[in-house]
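*Asks:* First, the structure itself, so that you have it in front of you.
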Amino acid sequence: MKDRLFHLKEFIDKNGKVTLHELECAFPNVSSMTLRRDLSRLEEANAVLKIPGGAISVDSVIKTKEADFAKRIKFNTAEKLEIAEKAVKLVERKSCIFIDGGSTTTYFARALPDDNFYVLTNAMVIAETILVKEKPTVSLLGGDLKKNNFITVGQSCLDFIDKVNIQTAVMTATGFLKDIGGFTCGNQAEADVKRKVIKKADNVILLLDSSKVNKKTPYTFASLKDINCMVVDSNFSKELKQSIQNSGVKVY
């Protein structure tokens with residue numbers, strides 16, 4: 001059976017996505033029922049993702065998401081680097097910080113000094129970035145792992161946040177609606193985690209590059225009154241920056 005599972009996984013990895021019919025043709029001496037059981041075993045081993053009528057290779061999903069993240073992290077690179085360099089100066093050394101998942105916060109994580117920070121995050125890429133450093137301690141929040149961006153969400157994640165103390169939360173948003181001063185993201189479960197973190201943190205820093213202004217996504221997770229300061233890039237509208245400062249929020 002081990003050999004069959006190995007060859008089955010190899011076939012799925014090679015093709016990325018397969019139907020049960022394709023598997024039946026590729027393995028004519030294996031019954032449909034056995035193939036279905038094998039797919040369940042491979043899913044339990046985190047080797048494939050079962051879908052209606054077939055399966056997808058986990059390796060191909062990871063490669064696709066890595067390519068997608070690489071594309072996002074290369075967008076507005078100069079602006080994100082500028083934001084990160086300013087933001088790291090705002091966090092207290094040896095403090096407990098939560099770092100939100102996102103391309104801008106990944107630049108922040110890279111720029112964070114190699115010091116005795118206690119870092120909390122629900123994003124695998126942030127955890128991996130911090131673990132390259134020697135001194136910080138990293139805790140990855142438990143919960144349901146979202147397959148599209150490798151961020152943990154759900155009740156277990158929310159319960160974890162309830163049990164920790166966060167001095168500074170470094171957050172990001174997919175969009176900012178300037179008319180209502182609302183920060184938005186594209187997923188309800190992610191919005192729930194962001195809200196919980198912001199409520200728990202003593203200090204909230206929101207990183208936002210200028211491309212996010214008036215970009216509409218479905219779920220509002222915070223407003224200007226929920227944060228302490230924003231860090232933006234030099235292309236950010238001066239009028240909007242002044243308007244935000246007039247509301248009582250510092251903008252760097």
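Lettering and numbering for the structure tokens are positional, with chains as A, B, ... in the shown order, residues counted from 1 in each chain, and ligands counted from 1 in the shown order.
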Using only C-alpha atoms, which protein or nucleic acid residues come within 7 Å of segment 162-177 of chain A? Drop anything in the same chain fewer than 6 positions from it, and give the result as a list in words.

*Replies:*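 Listed by chain and then number, they are Ser95, Cys96, Ile97, Phe98, Ile99, Asp100, Gly102, Thr105, Phe183, Thr184, Cys185, Ile198, Lys200, Ala201, Asp202, Asn203, Val204, Ile205, Leu206, Leu207, Leu208, Lys212, Val213, Asn214, Lys215, Lys216 and Thr217 of chain A.
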
*Asks:* Residues as selected, C-alpha atoms, written as a short mmCIF file (atom, residue, chain, number, x, y, z; two decimals), in the first residue's frame, can you do that?

*Replies:*
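Once written, again10.cif looks like this:
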```
data_model
loop_
_atom_site.label_atom_id
_atom_site.label_comp_id
_atom_site.auth_asym_id
_atom_site.auth_seq_id
_atom_site.Cartn_x
_atom_site.Cartn_y
_atom_site.Cartn_z
CA SER A 95 8.42 44.20 24.20
CA CYS A 96 5.61 41.82 23.25
CA ILE A 97 4.36 42.63 19.76
CA PHE A 98 1.75 41.10 17.52
CA ILE A 99 2.60 41.23 13.80
CA ASP A 100 -0.32 40.93 11.42
CA GLY A 102 0.58 40.82 4.99
CA THR A 105 4.16 43.65 7.70
CA PHE A 183 -9.85 49.74 7.60
CA THR A 184 -11.01 46.70 5.64
CA CYS A 185 -10.01 43.18 4.63
CA ILE A 198 -6.71 45.47 18.30
CA LYS A 200 -6.34 43.44 23.35
CA ALA A 201 -3.32 45.57 22.43
CA ASP A 202 -2.14 48.56 24.47
CA ASN A 203 -0.85 50.30 21.35
CA VAL A 204 -1.95 49.80 17.72
CA ILE A 205 0.18 50.78 14.74
CA LEU A 206 -1.46 50.54 11.33
CA LEU A 207 0.84 50.20 8.31
CA LEU A 208 -0.77 51.42 5.09
CA LYS A 212 -4.76 50.91 -0.30
CA VAL A 213 -6.64 54.23 -0.03
CA ASN A 214 -10.26 53.84 -1.19
CA LYS A 215 -9.67 50.21 -2.11
CA LYS A 216 -12.94 48.50 -1.17
CA THR A 217 -12.98 45.06 0.43
#
```

*Asks:* Could you please write out, as a count of residues only, every residue of segment 56-193 of chain A that DSSP assigns to strand (DSSP E or B)?

*Replies:* 34

*Asks:* Can you work out the spacing between atom CA of Val231 of chain A and atom CA of Arg110 of chain A in Å, to one decimal?

*Replies:*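 Computed distance, atom CA of Val231 of chain A to atom CA of Arg110 of chain A, equals 16.3 Å.
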
*Asks:* Please provide the set of residues having any atom within 12 Å of segment 24-36 of chain A, restricted to only C-alpha atoms, with same-chain residues fewer than 5 positions apart removed, written as a list of chain:residue names.

*Replies:* A:Met1, A:Arg4, A:Leu5, A:His7, A:Leu8, A:Lys9, A:Glu10, A:Phe11, A:Ile12, A:Asn15, A:Val18, A:Thr19, A:Arg41, A:Leu42, A:Glu43, A:Lys50, A:Ile51, A:Pro52, A:Gly53, A:Gly54, A:Ala55

*Asks:* Among segment 121-190 of chain A, which ones does DSSP assign to helix (DSSP H, G or I) (computed from the backbone)? Answer as a list in words.

*Replies:*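 Of segment 121-190 of chain A, only Met124, Val125, Ile126, Ala127, Glu128, Thr129, Ile130, Leu131, Gln155, Ser156, Cys157, Leu158, Asp159, Phe160, Ile161, Asp162, Gln188, Ala189 and Glu190 of chain A fall in helix (DSSP H, G or I).
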
*Asks:* Let me see the file: selected residues, N, CA and C atoms, as a JSON list (two decimals), in the first residue's frame.

*Replies:*
```json
[["chain", "number", "residue", "atom", "x", "y", "z"],
["A", 124, "MET", "N", 2.16, 32.40, 9.04],
["A", 124, "MET", "CA", 3.33, 31.54, 8.96],
["A", 124, "MET", "C", 4.53, 32.26, 8.37],
["A", 125, "VAL", "N", 4.31, 33.10, 7.36],
["A", 125, "VAL", "CA", 5.44, 33.79, 6.72],
["A", 125, "VAL", "C", 6.10, 34.77, 7.68],
["A", 126, "ILE", "N", 5.31, 35.39, 8.56],
["A", 126, "ILE", "CA", 5.88, 36.29, 9.56],
["A", 126, "ILE", "C", 6.72, 35.48, 10.55],
["A", 127, "ALA", "N", 6.18, 34.36, 11.02],
["A", 127, "ALA", "CA", 6.91, 33.51, 11.97],
["A", 127, "ALA", "C", 8.24, 33.06, 11.37],
["A", 128, "GLU", "N", 8.21, 32.63, 10.12],
["A", 128, "GLU", "CA", 9.43, 32.18, 9.44],
["A", 128, "GLU", "C", 10.44, 33.31, 9.30],
["A", 129, "THR", "N", 9.95, 34.50, 9.01],
["A", 129, "THR", "CA", 10.83, 35.67, 8.85],
["A", 129, "THR", "C", 11.52, 36.02, 10.16],
["A", 130, "ILE", "N", 10.78, 35.99, 11.26],
["A", 130, "ILE", "CA", 11.36, 36.32, 12.56],
["A", 130, "ILE", "C", 12.31, 35.23, 13.04],
["A", 131, "LEU", "N", 12.01, 33.98, 12.74],
["A", 131, "LEU", "CA", 12.83, 32.87, 13.21],
["A", 131, "LEU", "C", 14.23, 32.86, 12.62],
["A", 155, "GLN", "N", -11.98, 30.04, 16.25],
["A", 155, "GLN", "CA", -12.18, 30.19, 17.68],
["A", 155, "GLN", "C", -10.92, 29.90, 18.49],
["A", 156, "SER", "N", -10.15, 28.89, 18.09],
["A", 156, "SER", "CA", -8.93, 28.56, 18.82],
["A", 156, "SER", "C", -7.96, 29.73, 18.78],
["A", 157, "CYS", "N", -7.89, 30.39, 17.64],
["A", 157, "CYS", "CA", -7.02, 31.55, 17.48],
["A", 157, "CYS", "C", -7.50, 32.70, 18.38],
["A", 158, "LEU", "N", -8.80, 32.93, 18.39],
["A", 158, "LEU", "CA", -9.37, 33.99, 19.23],
["A", 158, "LEU", "C", -9.16, 33.69, 20.71],
["A", 159, "ASP", "N", -9.29, 32.43, 21.09],
["A", 159, "ASP", "CA", -9.09, 32.04, 22.49],
["A", 159, "ASP", "C", -7.63, 32.26, 22.91],
["A", 160, "PHE", "N", -6.71, 31.98, 21.99],
["A", 160, "PHE", "CA", -5.28, 32.19, 22.25],
["A", 160, "PHE", "C", -5.02, 33.66, 22.57],
["A", 161, "ILE", "N", -5.61, 34.54, 21.77],
["A", 161, "ILE", "CA", -5.42, 35.99, 21.95],
["A", 161, "ILE", "C", -5.93, 36.43, 23.31],
["A", 162, "ASP", "N", -7.03, 35.84, 23.76],
["A", 162, "ASP", "CA", -7.59, 36.18, 25.07],
["A", 162, "ASP", "C", -6.61, 35.92, 26.21],
["A", 188, "GLN", "N", -14.05, 37.41, 6.54],
["A", 188, "GLN", "CA", -14.71, 37.61, 7.83],
["A", 188, "GLN", "C", -13.90, 37.05, 8.98],
["A", 189, "ALA", "N", -13.36, 35.83, 8.82],
["A", 189, "ALA", "CA", -12.60, 35.20, 9.90],
["A", 189, "ALA", "C", -11.33, 35.99, 10.21],
["A", 190, "GLU", "N", -10.67, 36.51, 9.19],
["A", 190, "GLU", "CA", -9.48, 37.33, 9.41],
["A", 190, "GLU", "C", -9.85, 38.63, 10.11]]
```

*Asks:* Calculate how many Å separate atom CA of Asp226 of chain A from atom CA of Gly181 of chain A, rounding to one decimal.

*Replies:*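 Atom CA of Gly181 of chain A lies at a distance of 10.4 Å from atom CA of Asp226 of chain A.
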
*Asks:* Might you pull out every residue within 6 Å of Val48 of chain A, with only C-alpha atoms counted and same-chain residues fewer than 6 positions away left off, and present them as a list in words?

*Replies:* Leu42, Ile56, Ser57 and Val58 of chain A

*Asks:* Would you mind exporting N, CA and C atoms of the selected residues as a PDB file, in the first residue's frame?

*Replies:*
```pdb
ATOM      1  N   LEU A  42      -4.034  10.262   2.044  1.00  0.00           N
ATOM      2  CA  LEU A  42      -3.096  11.305   1.625  1.00  0.00           C
ATOM      3  C   LEU A  42      -3.503  12.673   2.173  1.00  0.00           C
ATOM      4  N   ILE A  56      -6.273  17.868  -5.214  1.00  0.00           N
ATOM      5  CA  ILE A  56      -5.255  18.843  -5.600  1.00  0.00           C
ATOM      6  C   ILE A  56      -3.997  18.574  -4.781  1.00  0.00           C
ATOM      7  N   SER A  57      -2.845  18.688  -5.409  1.00  0.00           N
ATOM      8  CA  SER A  57      -1.575  18.516  -4.718  1.00  0.00           C
ATOM      9  C   SER A  57      -1.318  19.678  -3.774  1.00  0.00           C
ATOM     10  N   VAL A  58      -0.988  19.372  -2.513  1.00  0.00           N
ATOM     11  CA  VAL A  58      -0.650  20.422  -1.552  1.00  0.00           C
ATOM     12  C   VAL A  58       0.598  21.170  -2.013  1.00  0.00           C
TER      13      VAL A  58
END
```

*Asks:* Can you list, as a list in words, every protein, DNA or RNA residue that comes within 10 Å of Asn235 of chain A when you count only C-alpha atoms, leaving out same-chain residues fewer than 2 positions away?

*Replies:*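 Close residues of Asn235 of chain A: Glu79, Asp209, Ser210, Ser211, Val232, Asp233, Ser237 and Lys238 of chain A.
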